[in-house]
file target03.tsv (TSV, C-alpha atoms)
chain	number	residue	atom	x	y	z
A	1	MET	CA	22.02	0.43	-6.33
A	2	SER	CA	19.65	-2.06	-4.76
A	3	THR	CA	16.00	-2.31	-5.64
A	4	PRO	CA	13.19	-2.46	-3.06
A	5	LEU	CA	11.77	-5.94	-3.01
A	6	SER	CA	8.36	-4.44	-2.41
A	7	ASP	CA	8.53	-2.86	-5.88
A	8	THR	CA	8.66	-6.33	-7.46
A	9	LEU	CA	5.46	-7.54	-5.80
A	10	PRO	CA	1.88	-6.98	-6.84
A	11	THR	CA	0.29	-4.56	-4.41
A	12	LEU	CA	-3.28	-3.53	-3.81
A	13	ARG	CA	-3.90	0.00	-5.02
A	14	ALA	CA	-7.10	1.96	-5.48
A	15	PRO	CA	-7.86	1.70	-9.22
A	16	HIS	CA	-8.25	4.79	-11.37
A	17	PRO	CA	-11.99	5.43	-11.62
A	18	TYR	CA	-11.73	5.48	-15.41
A	19	ASN	CA	-10.29	1.95	-15.51
A	20	ARG	CA	-13.56	0.35	-16.53
A	21	PRO	CA	-14.56	-1.99	-19.37
A	22	VAL	CA	-14.35	-0.44	-22.82
A	23	SER	CA	-18.11	-0.69	-23.30
A	24	THR	CA	-18.68	1.26	-20.09
A	25	ARG	CA	-16.11	3.90	-20.98
A	26	LEU	CA	-17.85	4.42	-24.31
A	27	ILE	CA	-21.45	4.36	-23.10
A	28	TYR	CA	-21.30	6.53	-19.95
A	29	PRO	CA	-19.81	9.66	-21.55
A	30	ALA	CA	-22.28	9.35	-24.44
A	31	LEU	CA	-25.18	9.20	-21.96
A	32	TYR	CA	-23.65	12.14	-20.13
A	33	ALA	CA	-23.59	14.09	-23.43
A	34	ALA	CA	-27.20	13.16	-24.26
A	35	ILE	CA	-28.52	14.14	-20.83
A	36	THR	CA	-26.64	17.44	-20.86
A	37	PHE	CA	-27.76	18.31	-24.37
A	38	LEU	CA	-31.42	17.48	-23.71
A	39	LEU	CA	-31.48	19.43	-20.43
A	40	VAL	CA	-30.02	22.48	-22.16
A	41	ARG	CA	-32.63	22.23	-24.88
A	42	VAL	CA	-35.48	21.89	-22.38
A	43	ILE	CA	-34.36	24.86	-20.27
A	44	ASN	CA	-33.30	27.03	-23.18
A	45	ASP	CA	-35.89	26.36	-25.88
A	46	ILE	CA	-39.21	25.51	-24.21
A	47	PRO	CA	-39.69	28.74	-22.15
A	48	ILE	CA	-39.25	30.93	-25.24
A	49	GLY	CA	-41.04	28.57	-27.64
A	50	SER	CA	-37.96	28.15	-29.81
A	51	ASN	CA	-37.65	25.25	-32.24
A	52	TYR	CA	-34.08	24.01	-32.19
A	53	LEU	CA	-34.50	22.38	-35.61
A	54	ASN	CA	-34.89	25.82	-37.16
A	55	HIS	CA	-31.12	26.18	-36.87
A	56	SER	CA	-28.95	25.10	-39.78
A	57	LEU	CA	-27.67	21.55	-40.03
A	58	TRP	CA	-24.15	22.95	-39.67
A	59	PHE	CA	-25.12	24.61	-36.36
A	60	ILE	CA	-26.77	21.45	-35.01
A	61	ALA	CA	-23.88	19.20	-36.10
A	62	ILE	CA	-21.31	21.48	-34.46
A	63	GLU	CA	-23.17	21.51	-31.13
A	64	LEU	CA	-23.85	17.77	-31.15
A	65	LEU	CA	-20.30	16.76	-32.08
A	66	CYS	CA	-18.68	19.26	-29.72
A	67	THR	CA	-20.97	18.20	-26.88
A	68	LEU	CA	-20.12	14.55	-27.47
A	69	PHE	CA	-16.38	15.23	-27.63
A	70	ALA	CA	-16.53	17.49	-24.56
A	71	SER	CA	-18.39	14.83	-22.58
A	72	TYR	CA	-15.59	12.31	-23.10
A	73	LEU	CA	-13.00	14.95	-22.25
A	74	CYS	CA	-14.84	16.03	-19.09
A	75	PHE	CA	-15.47	12.44	-18.06
A	76	TYR	CA	-11.79	11.52	-18.22
A	77	ILE	CA	-10.56	14.75	-16.61
A	78	THR	CA	-13.12	14.35	-13.82
A	79	ALA	CA	-11.89	10.80	-13.22
A	80	TRP	CA	-8.34	12.14	-13.04
A	81	TRP	CA	-9.44	14.86	-10.62
A	82	VAL	CA	-11.01	12.22	-8.35
A	83	THR	CA	-7.62	10.51	-8.01
A	84	VAL	CA	-5.91	13.86	-7.29
A	85	VAL	CA	-8.39	14.63	-4.50
A	86	GLU	CA	-7.99	11.10	-3.11
A	87	ARG	CA	-4.19	11.35	-2.94
A	88	HIS	CA	-3.87	14.93	-1.73
A	89	SER	CA	-5.57	17.17	0.77
A	90	VAL	CA	-7.77	19.42	-1.36
A	91	PRO	CA	-10.10	21.97	0.27
A	92	THR	CA	-13.77	21.17	-0.25
A	93	LEU	CA	-14.52	24.39	-2.12
A	94	LEU	CA	-11.67	23.80	-4.55
A	95	GLU	CA	-12.59	20.10	-4.88
A	96	TYR	CA	-16.05	20.86	-6.29
A	97	SER	CA	-15.49	24.23	-7.93
A	98	CYS	CA	-12.70	23.02	-10.26
A	99	PRO	CA	-14.77	20.43	-12.19
A	100	ALA	CA	-17.83	22.71	-12.18
A	101	LEU	CA	-15.89	25.69	-13.56
A	102	PHE	CA	-14.18	23.54	-16.17
A	103	ALA	CA	-17.51	22.13	-17.39
A	104	ALA	CA	-19.04	25.61	-17.41
A	105	PHE	CA	-16.13	26.91	-19.49
A	106	VAL	CA	-16.47	24.03	-21.98
A	107	ALA	CA	-20.26	24.53	-22.28
A	108	ALA	CA	-19.83	28.26	-22.84
A	109	SER	CA	-17.13	27.65	-25.45
A	110	ILE	CA	-19.29	25.19	-27.41
A	111	THR	CA	-22.27	27.55	-27.38
A	112	ALA	CA	-20.15	30.52	-28.43
A	113	LEU	CA	-18.48	28.52	-31.20
A	114	SER	CA	-21.73	27.25	-32.74
A	115	HIS	CA	-23.37	30.69	-32.69
A	116	TRP	CA	-20.27	32.35	-34.09
A	117	LEU	CA	-20.03	29.88	-36.98
A	118	GLU	CA	-23.71	30.38	-37.81
A	119	GLY	CA	-23.55	34.12	-37.28
A	120	SER	CA	-26.33	34.03	-34.68
A	121	PRO	CA	-26.46	36.63	-31.88
A	122	LEU	CA	-25.12	35.47	-28.53
A	123	GLY	CA	-26.38	36.85	-25.25
A	124	PHE	CA	-26.46	35.99	-21.57
A	125	THR	CA	-29.88	34.35	-21.84
A	126	ILE	CA	-28.42	31.93	-24.37
A	127	LEU	CA	-25.19	31.29	-22.46
A	128	TYR	CA	-26.38	30.72	-18.92
A	129	PRO	CA	-28.51	27.52	-19.50
A	130	PRO	CA	-25.61	25.44	-20.93
A	131	ILE	CA	-23.22	26.87	-18.33
A	132	LEU	CA	-25.59	26.01	-15.46
A	133	ILE	CA	-26.52	22.58	-16.80
A	134	GLY	CA	-22.90	21.75	-17.63
A	135	ALA	CA	-21.71	22.65	-14.13
A	136	MET	CA	-24.54	20.72	-12.42
A	137	THR	CA	-24.12	17.56	-14.50
A	138	GLU	CA	-20.35	17.73	-13.99
A	139	ILE	CA	-20.81	17.81	-10.19
A	140	TRP	CA	-23.14	14.82	-10.51
A	141	ILE	CA	-20.54	12.93	-12.58
A	142	TYR	CA	-17.83	13.83	-10.05
A	143	LEU	CA	-19.89	12.56	-7.12
A	144	TRP	CA	-20.69	9.35	-8.95
A	145	LEU	CA	-17.04	8.68	-9.85
A	146	LYS	CA	-15.92	9.51	-6.32
A	147	TYR	CA	-18.50	7.12	-4.87
A	148	SER	CA	-17.36	4.41	-7.32
A	149	MET	CA	-13.76	4.84	-6.24
A	150	MET	CA	-14.71	4.66	-2.57
A	151	GLN	CA	-16.59	1.44	-3.23
A	152	ARG	CA	-13.60	-0.13	-4.99
A	153	LYS	CA	-11.25	1.02	-2.24
A	154	TYR	CA	-13.54	-0.56	0.34
A	155	HIS	CA	-13.61	-3.79	-1.68
A	156	ASP	CA	-9.81	-3.77	-2.00
A	157	GLU	CA	-9.42	-3.15	1.72
A	158	GLN	CA	-11.73	-6.07	2.46
A	159	LEU	CA	-9.72	-8.25	0.08
A	160	ARG	CA	-6.46	-7.09	1.67
A	161	SER	CA	-7.77	-7.90	5.15
A	162	GLU	CA	-8.89	-11.32	3.96
A	163	ARG	CA	-5.46	-12.02	2.48
A	164	ILE	CA	-3.83	-11.01	5.77
A	165	ARG	CA	-6.13	-13.32	7.71
A	166	ASN	CA	-5.49	-16.20	5.31
A	167	LYS	CA	-1.76	-15.70	5.52
A	168	GLN	CA	-1.89	-15.58	9.32
A	169	LEU	CA	-3.94	-18.78	9.36
A	170	LEU	CA	-1.44	-20.44	7.03
A	171	THR	CA	1.45	-19.33	9.23
A	172	GLU	CA	-0.31	-20.63	12.33
A	173	LEU	CA	-1.02	-23.93	10.58
A	174	ARG	CA	2.64	-24.36	9.68
A	175	LEU	CA	3.66	-23.51	13.22
A	176	LEU	CA	1.16	-26.01	14.58
A	177	GLN	CA	2.49	-28.67	12.25
A	178	SER	CA	6.02	-28.02	13.49
A	179	GLN	CA	5.10	-28.17	17.17
A	180	PHE	CA	6.17	-31.14	19.22
A	181	HIS	CA	4.63	-31.00	22.67
A	182	PRO	CA	5.69	-27.39	23.44
A	183	HIS	CA	4.87	-27.68	27.12
A	184	PHE	CA	7.12	-30.70	27.32
A	185	LEU	CA	9.94	-28.77	25.62
A	186	PHE	CA	9.63	-25.81	27.97
A	187	ASN	CA	9.45	-28.07	30.99
A	188	MET	CA	12.61	-29.84	29.85
A	189	LEU	CA	14.38	-26.52	29.25
A	190	ASN	CA	13.32	-25.39	32.69
A	191	THR	CA	14.67	-28.64	34.16
A	192	ILE	CA	17.96	-28.26	32.29
A	193	TYR	CA	18.26	-24.66	33.44
A	194	PHE	CA	18.05	-25.62	37.11
A	195	THR	CA	20.43	-28.55	36.70
A	196	ILE	CA	23.14	-26.18	35.51
A	197	ASP	CA	25.37	-24.95	38.26
A	198	GLU	CA	24.56	-21.40	39.30
A	199	THR	CA	28.16	-20.36	38.68
A	200	ASN	CA	27.81	-21.33	35.02
A	201	GLU	CA	26.00	-18.13	34.02
A	202	GLU	CA	26.87	-18.51	30.36
A	203	ALA	CA	25.11	-21.86	30.00
A	204	ARG	CA	22.08	-20.58	31.88
A	205	ALA	CA	21.92	-17.55	29.60
A	206	ASP	CA	22.02	-19.82	26.55
A	207	VAL	CA	19.04	-21.79	27.83
A	208	GLU	CA	17.10	-18.59	28.53
A	209	HIS	CA	17.73	-17.26	25.01
A	210	LEU	CA	16.73	-20.58	23.47
A	211	SER	CA	13.55	-20.62	25.53
A	212	ASN	CA	12.76	-17.08	24.38
A	213	LEU	CA	13.10	-18.06	20.72
A	214	LEU	CA	11.03	-21.21	21.09
A	215	ARG	CA	8.29	-19.36	22.90
A	216	ARG	CA	7.91	-16.92	20.03
A	217	GLN	CA	7.88	-19.70	17.41
A	218	LEU	CA	5.52	-22.03	19.23
A	219	TYR	CA	3.07	-19.45	20.52
A	220	PRO	CA	2.26	-17.07	17.63
A	221	THR	CA	0.64	-13.74	18.45
A	222	ASP	CA	-2.29	-12.23	16.55
A	223	GLY	CA	-1.91	-8.61	15.54
A	224	LYS	CA	0.82	-6.29	16.67
A	225	VAL	CA	3.21	-6.95	19.56
A	226	PRO	CA	5.37	-4.61	21.66
A	227	LEU	CA	8.55	-3.54	19.89
A	228	SER	CA	10.55	-4.46	22.98
A	229	SER	CA	9.39	-8.08	22.59
A	230	GLU	CA	10.65	-8.29	18.99
A	231	ILE	CA	13.98	-6.76	19.96
A	232	SER	CA	14.30	-9.29	22.78
A	233	VAL	CA	13.91	-12.06	20.18
A	234	LEU	CA	16.62	-10.46	18.06
A	235	HIS	CA	19.00	-10.39	21.01
A	236	SER	CA	18.31	-14.06	21.74
A	237	TYR	CA	18.90	-15.14	18.15
A	238	ILE	CA	22.07	-13.07	17.81
A	239	HIS	CA	23.39	-14.38	21.11
A	240	LEU	CA	22.99	-18.03	20.11
A	241	SER	CA	24.13	-17.57	16.51
A	242	SER	CA	27.17	-15.57	17.59
A	243	LYS	CA	28.29	-18.38	19.86
A	244	ARG	CA	27.93	-20.87	17.03
A	245	MET	CA	30.08	-18.75	14.70
A	246	ALA	CA	32.34	-17.09	17.25
A	247	GLU	CA	35.55	-18.61	16.02
A	248	ARG	CA	35.18	-17.63	12.35
A	249	ALA	CA	32.94	-14.54	12.24
A	250	GLY	CA	33.48	-10.88	12.98
A	251	ILE	CA	30.13	-9.74	14.34
A	252	THR	CA	29.19	-6.12	15.04
A	253	VAL	CA	25.85	-5.52	16.75
A	254	ASP	CA	24.30	-2.14	17.55
A	255	ILE	CA	20.81	-2.86	18.84
A	256	PRO	CA	19.34	-1.15	21.90
A	257	SER	CA	18.29	-3.31	24.81
A	258	SER	CA	14.66	-4.37	25.02
A	259	GLU	CA	14.58	-2.40	28.29
A	260	SER	CA	15.96	0.73	26.64
A	261	PRO	CA	13.73	3.85	26.91
A	262	ALA	CA	13.99	4.26	23.12
A	263	VAL	CA	12.13	0.99	22.45
A	264	ASN	CA	10.26	0.34	25.69
A	265	THR	CA	7.65	3.06	25.15
A	266	GLY	CA	4.66	0.93	24.19
A	267	GLN	CA	5.33	1.15	20.45
A	268	LEU	CA	3.86	-1.76	18.47
A	269	ILE	CA	4.98	-3.71	15.42
A	270	TYR	CA	3.75	-6.77	13.55
A	271	PRO	CA	5.70	-9.90	14.59
A	272	HIS	CA	8.29	-11.79	12.52
A	273	LEU	CA	9.35	-8.78	10.44
A	274	LEU	CA	12.81	-8.13	11.87
A	275	LEU	CA	14.19	-11.61	12.49
A	276	PRO	CA	14.24	-12.78	8.81
A	277	LEU	CA	16.84	-10.14	7.88
A	278	VAL	CA	19.06	-11.08	10.82
A	279	GLU	CA	18.65	-14.77	10.03
A	280	ASN	CA	19.71	-14.22	6.43
A	281	ALA	CA	22.80	-12.30	7.51
A	282	PHE	CA	23.96	-15.28	9.58
A	283	LYS	CA	22.83	-17.96	7.15
A	284	HIS	CA	24.47	-16.50	4.07
A	285	ALA	CA	27.63	-15.01	5.50
A	286	GLY	CA	30.69	-16.07	3.54
A	287	GLY	CA	34.09	-14.82	2.55
A	288	ASP	CA	35.68	-13.32	5.65
A	289	TYR	CA	32.43	-13.99	7.62
A	290	SER	CA	31.84	-10.42	8.71
A	291	ILE	CA	28.34	-9.53	9.93
A	292	SER	CA	27.00	-6.14	10.95
A	293	ILE	CA	23.55	-5.52	12.48
A	294	SER	CA	22.19	-2.11	13.46
A	295	LEU	CA	18.76	-1.02	14.71
A	296	THR	CA	17.58	2.50	15.47
A	297	VAL	CA	14.22	3.97	16.50
A	298	SER	CA	13.73	7.66	15.82
A	299	GLY	CA	10.90	9.97	14.85
A	300	GLY	CA	8.32	7.18	14.80
A	301	TRP	CA	10.42	5.12	12.37
A	302	LEU	CA	12.33	1.91	12.97
A	303	GLN	CA	15.34	1.17	10.80
A	304	LEU	CA	17.07	-2.20	10.75
A	305	THR	CA	20.23	-2.55	8.67
A	306	THR	CA	22.10	-5.82	8.24
A	307	SER	CA	25.12	-6.59	6.12
A	308	ASN	CA	27.17	-9.71	5.64
A	309	SER	CA	30.14	-10.65	3.55
A	310	VAL	CA	29.57	-13.13	0.74
A	311	SER	CA	31.91	-15.44	-1.05
A	312	SER	CA	33.44	-13.82	-4.13
A	313	SER	CA	32.84	-17.05	-6.03
A	314	ARG	CA	29.09	-16.97	-5.31
A	315	PRO	CA	27.80	-13.39	-4.87
A	316	SER	CA	24.20	-14.34	-5.40
A	317	THR	CA	21.18	-12.90	-3.65
A	318	PRO	CA	20.47	-14.88	-0.51
A	319	SER	CA	17.08	-16.46	-0.37
A	320	SER	CA	15.35	-18.89	1.84
A	321	PRO	CA	13.50	-21.67	0.00
A	322	HIS	CA	11.74	-22.64	3.20
A	323	GLY	CA	10.21	-20.59	6.01
A	324	ILE	CA	9.60	-16.87	5.68
A	325	GLY	CA	12.58	-15.70	3.62
A	326	LEU	CA	13.08	-12.32	2.03
A	327	TYR	CA	10.38	-12.81	-0.60
A	328	ASN	CA	7.71	-13.78	1.95
A	329	LEU	CA	8.84	-10.93	4.19
A	330	SER	CA	8.32	-8.40	1.41
A	331	GLN	CA	4.90	-9.96	0.69
A	332	ARG	CA	3.85	-9.60	4.33
A	333	LEU	CA	5.05	-6.00	4.42
A	334	ALA	CA	3.07	-5.17	1.28
A	335	LEU	CA	-0.03	-6.73	2.83
A	336	ILE	CA	0.04	-5.28	6.34
A	337	TYR	CA	1.60	-1.87	5.75
A	338	PRO	CA	0.69	0.81	3.18
A	339	GLN	CA	3.47	1.55	0.70
A	340	SER	CA	4.23	4.88	2.40
A	341	HIS	CA	4.78	3.14	5.76
A	342	PHE	CA	7.73	0.91	4.87
A	343	THR	CA	10.72	0.51	2.59
A	344	LEU	CA	12.78	-2.62	2.04
A	345	HIS	CA	16.06	-2.47	0.13
A	346	THR	CA	18.21	-5.53	-0.42
A	347	GLY	CA	21.18	-6.19	-2.65
A	348	LEU	CA	24.95	-6.20	-3.04
A	349	SER	CA	26.36	-2.91	-1.77
A	350	ASP	CA	29.72	-3.83	-3.25
A	351	GLY	CA	31.30	-6.92	-4.74
A	352	ASN	CA	31.53	-8.91	-1.51
A	353	THR	CA	28.93	-7.40	0.86
A	354	TYR	CA	25.20	-8.04	0.86
A	355	GLN	CA	23.10	-5.42	2.65
A	356	SER	CA	19.46	-5.24	3.72
A	357	GLU	CA	17.70	-2.16	5.01
A	358	LEU	CA	14.18	-2.13	6.41
A	359	ARG	CA	12.34	0.99	7.54
A	360	ILE	CA	8.90	0.75	9.17
A	361	ARG	CA	6.64	3.47	10.48
A	362	LEU	CA	5.67	2.45	14.00
A	363	ALA	CA	2.19	2.94	15.48

call {"tool": "encode", "arguments": {"input": "target03.tsv", "output": "structure tokens"}}
result
Amino acid sequence: MSTPLSDTLPTLRAPHPYNRPVSTRLIYPALYAAITFLLVRVINDIPIGSNYLNHSLWFIAIELLCTLFASYLCFYITAWWVTVVERHSVPTLLEYSCPALFAAFVAASITALSHWLEGSPLGFTILYPPILIGAMTEIWIYLWLKYSMMQRKYHDEQLRSERIRNKQLLTELRLLQSQFHPHFLFNMLNTIYFTIDETNEEARADVEHLSNLLRRQLYPTDGKVPLSSEISVLHSYIHLSSKRMAERAGITVDIPSSESPAVNTGQLIYPHLLLPLVENAFKHAGGDYSISISLTVSGGWLQLTTSNSVSSSRPSTPSSPHGIGLYNLSQRLALIYPQSHFTLHTGLSDGNTYQSELRIRLA
């Protein structure tokens, strides 16, 4: 079985809200415990003129230690609940009632335990202050942790956007460095095209496909481009590469036309994501030189599958040391698409066939 290349790359994910420095993880729950305990004492003891220190040391120790332990437990469970709400669609009432009810249950349990061990009477007037305070402070902790996660997600999104912009600038710089008077090249291609006899349709078609490829390389596009444009580039590359390998390769291509209704519907895709897989199929074909390329668009998903035979004496994973290559392709995918919007699988499907499969959710 092949392994998605995207799984081998570092990706930007929203951090768990409890993933904080050790000092912070130790201090915040302790403060939470202190605030909760003091609020309970103020609400419970002052109105009735009760002196909490009149209780036994055993009673006080049980409440203090249990409150401290419960605060760490609630803090971590609340942080976990924040991630659950962030990943799944949770109704608002359930989102806030779950942590509040859990904290209320813990507060009631601690109060009941301490009074039972001391043999003190337990009534509703004694239970409701810790239950109310526990639920309120738990909601406050939940809101704070949720806000912290949203801040980190916003920071990560800004960092992700900056990395995308930097990578685009680097790509444009490399393209600029490789340019050699593009207008001159296109003018020469245009001149060559019209010097070819009109009856020589094959030569004219070759010039058109070459011009199409050069235009895409020399004039990069910011953002997404029409899917039909990317498929047109694929057809041009396959046309020229097939002619170069026609005598020794068995090539099977199943890609809809760029004018096909299936792809000419205004759907968009980021550029330079499809061609690297097709390039690798041609570059690294060996053995009996069989190449198969298939592209389908269905249900808002694009799937490109390429396979090529490899030499039995060198069944290694193809890679491109220069240019985009499979590694850079997987990096770009991880940057510009969320993990749930693409999959990339590459590897040997059997001893002599290397296969790549890319699925992208189209917008």

call {"tool": "closest_residue", "arguments": {"input": "target03.tsv", "among": "A:Asn190, A:Ser89, A:Asn264, A:Thr171", "to": "Val225 in chain A", "atoms": "all atoms listed in the file"}}
result
A:Asn264

call {"tool": "closest_residue", "arguments": {"input": "target03.tsv", "among": "A:Thr306, A:Gln168, A:Thr67, A:Thr111", "to": "Leu38 in chain A", "atoms": "only C-alpha atoms"}}
result
A:Thr67

call {"tool": "residues_around", "arguments": {"input": "target03.tsv", "residues": "Ile238 in chain A", "least_positions_apart": "4", "cutoff": "9 Å", "atoms": "only C-alpha atoms", "output": "PyMOL selection string"}}
result
chain A and resi 233-234+242-243+253+278-279+282

call {"tool": "closest_residue", "arguments": {"input": "target03.tsv", "among": "A:Val310, A:Ser330, A:Ser120, A:Val263", "to": "His284 in chain A", "atoms": "all atoms listed in the file"}}
result
A:Val310

call {"tool": "residues_around", "arguments": {"input": "target03.tsv", "residues": "Ile255 in chain A", "least_positions_apart": "3", "cutoff": "8 Å", "atoms": "all atoms listed in the file", "output": "number ranges by chain"}}
result
A: 231, 293-296

call {"tool": "closest_residue", "arguments": {"input": "target03.tsv", "among": "A:Thr137, A:Ser257, A:Ser356, A:Ser312", "to": "Leu274 in chain A", "atoms": "all atoms listed in the file"}}
result
A:Ser356

call {"tool": "closest_residue", "arguments": {"input": "target03.tsv", "among": "A:Phe342, A:Tyr327, A:Tyr354, A:Phe69", "to": "Ser290 in chain A", "atoms": "all atoms listed in the file"}}
result
A:Tyr354

call {"tool": "atom_distance", "arguments": {"input": "target03.tsv", "atom1": "CA of Ala103 in chain A", "atom2": "CA of Glu138 in chain A"}}
result
6.2 Å

call {"tool": "atom_distance", "arguments": {"input": "target03.tsv", "atom1": "CA of Leu189 in chain A", "atom2": "CA of Glu208 in chain A"}}
result
8.4 Å

call {"tool": "closest_residue", "arguments": {"input": "target03.tsv", "among": "A:Met150, A:Leu277, A:Leu113, A:Ala334", "to": "Trp58 in chain A", "atoms": "only C-alpha atoms"}}
result
A:Leu113

call {"tool": "atom_distance", "arguments": {"input": "target03.tsv", "atom1": "CA of Leu73 in chain A", "atom2": "CA of Tyr28 in chain A"}}
result
12.0 Å

call {"tool": "decode", "arguments": {"input": "target03.tsv", "residues": "range 131-147 of chain A", "atoms": "N, CA, C and O atoms", "output": "PDB file, in the first residue's frame"}}
result
ATOM      1  N   ILE A 131     -22.410  24.577  43.538  1.00  0.00           N
ATOM      2  CA  ILE A 131     -22.902  24.170  42.208  1.00  0.00           C
ATOM      3  C   ILE A 131     -22.982  25.373  41.278  1.00  0.00           C
ATOM      4  O   ILE A 131     -22.532  25.333  40.123  1.00  0.00           O
ATOM      5  N   LEU A 132     -23.563  26.474  41.764  1.00  0.00           N
ATOM      6  CA  LEU A 132     -23.707  27.683  40.942  1.00  0.00           C
ATOM      7  C   LEU A 132     -22.356  28.281  40.584  1.00  0.00           C
ATOM      8  O   LEU A 132     -22.090  28.603  39.414  1.00  0.00           O
ATOM      9  N   ILE A 133     -21.486  28.427  41.586  1.00  0.00           N
ATOM     10  CA  ILE A 133     -20.162  29.007  41.337  1.00  0.00           C
ATOM     11  C   ILE A 133     -19.348  28.104  40.396  1.00  0.00           C
ATOM     12  O   ILE A 133     -18.661  28.576  39.487  1.00  0.00           O
ATOM     13  N   GLY A 134     -19.397  26.805  40.635  1.00  0.00           N
ATOM     14  CA  GLY A 134     -18.655  25.876  39.775  1.00  0.00           C
ATOM     15  C   GLY A 134     -19.092  25.964  38.332  1.00  0.00           C
ATOM     16  O   GLY A 134     -18.258  25.988  37.413  1.00  0.00           O
ATOM     17  N   ALA A 135     -20.404  26.009  38.096  1.00  0.00           N
ATOM     18  CA  ALA A 135     -20.914  26.100  36.722  1.00  0.00           C
ATOM     19  C   ALA A 135     -20.514  27.417  36.068  1.00  0.00           C
ATOM     20  O   ALA A 135     -20.102  27.452  34.897  1.00  0.00           O
ATOM     21  N   MET A 136     -20.617  28.531  36.819  1.00  0.00           N
ATOM     22  CA  MET A 136     -20.292  29.846  36.250  1.00  0.00           C
ATOM     23  C   MET A 136     -18.803  29.960  35.927  1.00  0.00           C
ATOM     24  O   MET A 136     -18.423  30.462  34.857  1.00  0.00           O
ATOM     25  N   THR A 137     -17.953  29.526  36.865  1.00  0.00           N
ATOM     26  CA  THR A 137     -16.515  29.625  36.590  1.00  0.00           C
ATOM     27  C   THR A 137     -16.105  28.680  35.454  1.00  0.00           C
ATOM     28  O   THR A 137     -15.190  28.983  34.688  1.00  0.00           O
ATOM     29  N   GLU A 138     -16.789  27.547  35.341  1.00  0.00           N
ATOM     30  CA  GLU A 138     -16.484  26.627  34.248  1.00  0.00           C
ATOM     31  C   GLU A 138     -16.827  27.246  32.895  1.00  0.00           C
ATOM     32  O   GLU A 138     -16.079  27.102  31.921  1.00  0.00           O
ATOM     33  N   ILE A 139     -17.961  27.928  32.803  1.00  0.00           N
ATOM     34  CA  ILE A 139     -18.325  28.624  31.561  1.00  0.00           C
ATOM     35  C   ILE A 139     -17.290  29.695  31.249  1.00  0.00           C
ATOM     36  O   ILE A 139     -16.898  29.880  30.083  1.00  0.00           O
ATOM     37  N   TRP A 140     -16.814  30.399  32.274  1.00  0.00           N
ATOM     38  CA  TRP A 140     -15.790  31.424  32.048  1.00  0.00           C
ATOM     39  C   TRP A 140     -14.500  30.795  31.517  1.00  0.00           C
ATOM     40  O   TRP A 140     -13.890  31.314  30.582  1.00  0.00           O
ATOM     41  N   ILE A 141     -14.088  29.669  32.118  1.00  0.00           N
ATOM     42  CA  ILE A 141     -12.896  28.961  31.642  1.00  0.00           C
ATOM     43  C   ILE A 141     -13.092  28.489  30.212  1.00  0.00           C
ATOM     44  O   ILE A 141     -12.186  28.605  29.372  1.00  0.00           O
ATOM     45  N   TYR A 142     -14.278  27.961  29.901  1.00  0.00           N
ATOM     46  CA  TYR A 142     -14.544  27.483  28.542  1.00  0.00           C
ATOM     47  C   TYR A 142     -14.441  28.622  27.528  1.00  0.00           C
ATOM     48  O   TYR A 142     -13.823  28.471  26.456  1.00  0.00           O
ATOM     49  N   LEU A 143     -15.046  29.768  27.853  1.00  0.00           N
ATOM     50  CA  LEU A 143     -14.984  30.901  26.925  1.00  0.00           C
ATOM     51  C   LEU A 143     -13.553  31.381  26.736  1.00  0.00           C
ATOM     52  O   LEU A 143     -13.144  31.738  25.619  1.00  0.00           O
ATOM     53  N   TRP A 144     -12.789  31.383  27.806  1.00  0.00           N
ATOM     54  CA  TRP A 144     -11.402  31.832  27.703  1.00  0.00           C
ATOM     55  C   TRP A 144     -10.577  30.884  26.831  1.00  0.00           C
ATOM     56  O   TRP A 144      -9.807  31.313  25.969  1.00  0.00           O
ATOM     57  N   LEU A 145     -10.724  29.567  27.052  1.00  0.00           N
ATOM     58  CA  LEU A 145      -9.993  28.596  26.246  1.00  0.00           C
ATOM     59  C   LEU A 145     -10.425  28.634  24.783  1.00  0.00           C
ATOM     60  O   LEU A 145      -9.608  28.494  23.870  1.00  0.00           O
ATOM     61  N   LYS A 146     -11.720  28.830  24.561  1.00  0.00           N
ATOM     62  CA  LYS A 146     -12.209  28.910  23.178  1.00  0.00           C
ATOM     63  C   LYS A 146     -11.646  30.145  22.475  1.00  0.00           C
ATOM     64  O   LYS A 146     -11.230  30.071  21.312  1.00  0.00           O
ATOM     65  N   TYR A 147     -11.622  31.268  23.190  1.00  0.00           N
ATOM     66  CA  TYR A 147     -11.044  32.487  22.617  1.00  0.00           C
ATOM     67  C   TYR A 147      -9.555  32.298  22.326  1.00  0.00           C
ATOM     68  O   TYR A 147      -9.049  32.742  21.283  1.00  0.00           O
TER      69      TYR A 147
END
